[in-house]
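Chemist: Sharing a structure here in structure tokens format.
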Protein chains: 2
Amino acid sequence: MWVGVVTDTDSDAVRRLDPVPLPDVTVDDDFWGGRRETLRGTTLTYVHEKLEGTGRVDNFRIAAGEAEGEFSGKFYNDSDVYKWVEAASDALASGLAGADGDLRERVDDVVAAIAAAQAPDGYLNTYFQLVEPDGRWTNLHRMHELYCAGHLIEAAVAHRDATGESTLLDVARAFADHVDERFGPDGVQGYPGHEELELALVRLYRATDEERYLDLASYFVEERGAEDSPFERELRNPEGVAGEVMADYLFDDEGSYDGSYMQDQAPVRETESIEGHSVRATYLYAGATDVAVETDDRDLLAAVERVWRNMTERRSYVTGGIGSAYSGERFTEDYHLPNRTAYAETCAALGSVRWNHRLLQATGEARFADVLERTLYNGFLVGVSLSGDRFFYVNPLRVDPEDGPEGDYEEHFATERREWFGTACCPTNVPRLLAGLERYLFLVDREADAVTLPLHVGSEADVTVGGESVHLDVATDYPWDGETTVTVEVDEPASFGLRLRVPPWAAEATLSVDGDVVGTDLDAGFVGVDRTWTGGETVALSFGMPVRTLAAHPAVDADEGRVAVERGPIVYCLEDVDAPASLARVQLPADAAADATVAHEPDLLDGVTTVELPARVLPEGDALYRATSDRDAAEGSVTAVPYYAWGHRDGAAMRVWVPTTVDPAG
Amino acid sequence: MWVGVVTDTDSDAVRRLDPVPLPDVTVDDDFWGGRRETLRGTTLTYVHEKLEGTGRVDNFRIAAGEAEGEFSGKFYNDSDVYKWVEAASDALASGLAGADGDLRERVDDVVAAIAAAQAPDGYLNTYFQLVEPDGRWTNLHRMHELYCAGHLIEAAVAHRDATGESTLLDVARAFADHVDERFGPDGVQGYPGHEELELALVRLYRATDEERYLDLASYFVEERGAEDSPFERELRNPEGVAGEVMADYLFDDEGSYDGSYMQDQAPVRETESIEGHSVRATYLYAGATDVAVETDDRDLLAAVERVWRNMTERRSYVTGGIGSAYSGERFTEDYHLPNRTAYAETCAALGSVRWNHRLLQATGEARFADVLERTLYNGFLVGVSLSGDRFFYVNPLRVDPEDGPEGDYEEHFATERREWFGTACCPTNVPRLLAGLERYLFLVDREADAVTLPLHVGSEADVTVGGESVHLDVATDYPWDGETTVTVEVDEPASFGLRLRVPPWAAEATLSVDGDVVGTDLDAGFVGVDRTWTGGETVALSFGMPVRTLAAHPAVDADEGRVAVERGPIVYCLEDVDAPASLARVQLPADAAADATVAHEPDLLDGVTTVELPARVLPEGDALYRATSDRDAAEGSVTAVPYYAWGHRDGAAMRVWVPTTVDPAG
């Protein structure tokens, strides 16, 4: 099955699969096409207006002296602006020009504000420039200067790639140079409190060929977890400005420094388990994977994979969501995966998608695409409404809105996505991922002269492989159907391989070319064909997509005696609105999948395939405890809907894990 | 079934069943006989030596000026001494003279110390006398003076009843008079922060016929929940000594007074649900029941029954344990009954036994005896080791000793009973209940001329009923077997009724006299026979005792997809030591009881009947999520042991609620 029993990578060297550039890929997909249209028509404009309306862009204008006022909002709000610029730039590169076709104009306006705010020495952070001008770099563990720098860099590279203009890239390089001058083996010891800059610096290195940026990324990755932690020094400095804010997270009960909240408990190479703040963790290991790839460092990659195994085998929700605890937005213990109090932040899902994408590129192994896909279609996608302008920050797998002792975190009882958050990381990450979806669709293995399709998304791509220009046209009804075809067009006959991923739950996968079966053997999760293509061939991958009832590892207390339902890459859930009785009274047989029926409902929730399952419905009654032999539960049925789409109808209870039948039928 | 669906009392008046005096009853029972021998030979001496060793008795000697030193320990430690005197007095009355036959001597010594410490004005509390002489009565909500007074009274009545001497009763009366002079409608407004004095004053009234004590008890019961709470006044008095200790419990998030922690949220008559500290709550409602009985107040009794229904139908563990939260040792919400973090304090179980006993006496309805029995054999009895000198304070229904995020309460992971506690309420309550077990065995209904046997315990009693002296000899192998015989001996032919309780789970109950079936109809849970007895008759009650698998109300999240196992009055549990694999890998079929086999094992855990159940054993494996159709669980079996006896072998995991089979067999 998808998670848990995985084999270690057996290759010796770090392998490198490259994504096809954004402008060379077009998404043309029933499922994602609607999402992208919503992104274009709603989300990008909506988020921009929120950024303007909440003063986030004005902070730059004020820092530049171009507007009156004071800094407003959280000290990390610059990052939201950068993230929007990155998303909008990717959208421009993908041909999504905004609701009124004015996206480029909006981007230019924001980029100009950013550029104007930069200090003469390259420094750029509107909070410190406006509020604590003397506080720069004194508070790395908390104040997100380096994190914001990372998002600036990512935005700048995306902006340059989309527009061909270097306005923002120049700003980013100047800030990166400023950071490089200060930190490193020959400078001040330090690294980001919230990771992001590591992977951004590798991206900047790739965009500029400037090795200093790779070296600095490598330093940040390797220095983290140092015995003499700069974070501990800051915290213990009586004249420092750290204050007590982070003490709860960074000192244990005995007052000893414990940096695991920010992955500072040990060097990456010595880390065994995934710890701490889940967004930070995924960003760090994504950056470390980038460094390993660029330095061909198999040992570093092995360390990162070890951490990945811990996350995937013991600390992930079935939705791909990660982070079990509200307090610290963090990983907790192996197998501690509470459903109602799951945190499973939308941003952490994005972090996992990005990290897994890097591991896939580094190894060519489908197991990383499996987790990526699971997270993308479930734990990530649930974070945004079908309308594109409402968001979940926290994504529990069970919601009982009328329940809950006081003191629990209110988001665990929310049945509707929200307009915005004071900390708006999730609403700005959603468009970031969706706008660059093309990146995940086609990977080219230059060494093996092969094109890998890790996902099943209707799309077209112009790819250069084996020295030839190739056009690939992918058609599919995924995630509702397990049939994907790829039409190959070439100008000249071309020899290259084509690899399609067979999901681990797929039944009877068959690959054919023009109707001839060419293979069913899997290699690292892919089925492939290597041949000389003359053009016009149609490659078809077909696999069964049975409904599955899942059980969790017995050590997962929260899922004991419960099952979850999946079909294809989609995790399903029950909502009160679809249940024949209060959800608390609905039980599923452990083999419910065997008698499930599926139906595609184009008018429900923007078009979903529902799963109807046999169910046992408990009668109303007040007895606190009863002999199971006395129960007279009724045989019935219940309709499950995709988890990503829950919370769009009359708000009520929801659950992914459903108790199995305890009571015999009456 | 036992709990939940209950009918309201249909009698109009408060009925009164009287227990047969302690010296007139003899316990002669396989099950309880061993417990009582341990009480005599170990517990009473052990606890006395702990009280001496920890300075609890010395506090009295110091207050009396008979010893040097300072007050030591908690401010409520006097109560532990009183409770031991009460237990030891009951033991003396029951013919249990201690390990060396020196119990009377030990009691006299402690009673002398208590008496010597009393202040000339009748006041008696060694903490205030020695530490805060000016602080008397300033801090009712927290400082337990009235609570300790209650325990003094209970000890004094028991001591007088056992010895015929009034030494301690005089002390108690003087203190009661002192309290009565201060508090009440004509005095200072106030009532106990921790209830106990209410029921004690009714006991004192019954022992002395002094109506002032009943009036004061009634005042305390009725005044509680007053709009102008004396507790709130204390807390808000800037010159008071209350401090911040109780603020967490008594102010809500907005800073408003919320007295529910100590049942001060509303008058008893207006209370709908059981709230707050579970020991306090049961003691209050036991006292209110006493007041209702003595004042023939049907309305007050109805109010108390309403609260009882809430407790029994929505806030009780299957063991009879109560109190779901460590914080505040309290009731929480309806159906919030977590197993691993259950508090279910041993003292609260005692409180429930005592309250249910009073409701049984007030109504003659077996439903109260059902809860009493369930609590006695399970939630209470688990609190003491078979050796009689180790105790659980907290009684979770699931223990995973190697589990648990940091910050959880350590007692939730304890697998062994402890020697003692800084707050030693539980070790002193255990002997209190066991020494007076006789009280629960025979109740006389003087109006109906009938004797009621609410429990099934081997015993003999000399009873006066219908004006005649009757000797009853009860024989049974309960709780392992459902056969109870009562041999009736009379000097003269006597007409009276005999009522035996048929437990609600019993199958096919039959009552016969000398082999002739006389009836199977139940009246309020009892089966009875009214006749003229000539002596030598044997009454036999016989019922089946099938193994049962229980399910909880669907609103109990913690028990979803899980079953518990019972046989007779005994709740069973699984312990790792008996399981074919790590307990986490063991699942039970929902109808496990149907294929259970039972065996009495005289050498196991002082003699228990074990239940062997079919089980599904999951294989070892690392997968976090798997399709249920892929699992290859093995058919196996597991032995369940009585919950009350868990934790006596190699300490490991335990659970009462076991997941049902999710996976098909391989």
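By convention here, the chains of the structure tokens are called A, B, ... in the order presented, each chain's residues are numbered starting at 1, and ligands are numbered starting at 1 in the order presented.
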Taking only C-alpha atoms into account, which residues of chain B are within 7 Å of chain A, as a VMD selection string?
Modeler: chain B and resid 1 3 to 5 313 to 314 548 to 555 560 to 562 584 to 585 590 to 591 622 to 628 659 to 663
Chemist: Skipping near chain neighbours, those fewer than 2 positions away, what residues fall within 9 Å of region 360-367 of chain B using only C-alpha atoms, listed as a count of residues only?
Modeler: 37
Chemist: Pull the strand (DSSP E or B) assignments for region 218-345 of chain B out of DSSP run on the backbone, and list those residues as a count of residues only.
Modeler: 7
Chemist: If you run DSSP on the backbone here, which positions in region 16-258 of chain A get helix (DSSP H, G or I)? Please write them as a ChimeraX atom specification.
Modeler: /A:22-24,30-53,56-63,78-93,103-117,126-130,145-163,167-182,197-208,211-223,230-236,247-250
Chemist: Within 7 Å of Pro614 (chain A), counting only C-alpha atoms, which residues qualify if same-chain residues fewer than 4 places away don't, as a ChimeraX atom specification?
Modeler: /A:588,592,595-596,636-638
Chemist: Neighbouring residues of Val81 (chain A) were defined as those with any atom within 12 Å, considering only C-alpha atoms; residues of the same chain fewer than 2 positions away were excluded. Please report them as JSON, numbers by chain.
Modeler: {"A": [44, 47, 48, 49, 50, 51, 52, 54, 55, 56, 57, 58, 59, 60, 76, 77, 78, 79, 83, 84, 85, 86, 87, 88, 106, 107, 109, 110, 111, 113, 114, 125, 126, 148, 149, 151, 152, 154, 155, 156, 424, 425, 427, 428, 429, 432]}
Chemist: Would you kindly return, as a list in words, each protein, DNA or RNA residue with an atom no farther than 12 Å from any atom of Met246 (chain A), considering only C-alpha atoms and excluding same-chain residues fewer than 2 positions away?
Modeler: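 Near Met246 (chain A), the qualifying residues are Asn139, Leu140, His141, Arg142, Met143, Gly193, Phe231, Glu232, Glu234, Leu235, Arg236, Val241, Ala242, Gly243, Glu244, Asp248, Tyr249, Leu250, Phe251, Asp252, Tyr257, Asp258, Gly259, Tyr261, Met262, Ser327 and Gly328 of chain A.
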Chemist: Smallest atom-to-atom distance to Arg398 (chain A): which of A:Tyr191, A:Phe220, A:Tyr326, A:Tyr643, using only C-alpha atoms?
Modeler: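 Once distances to Arg398 (chain A) are computed over only C-alpha atoms, the minimum belongs to A:Tyr643.
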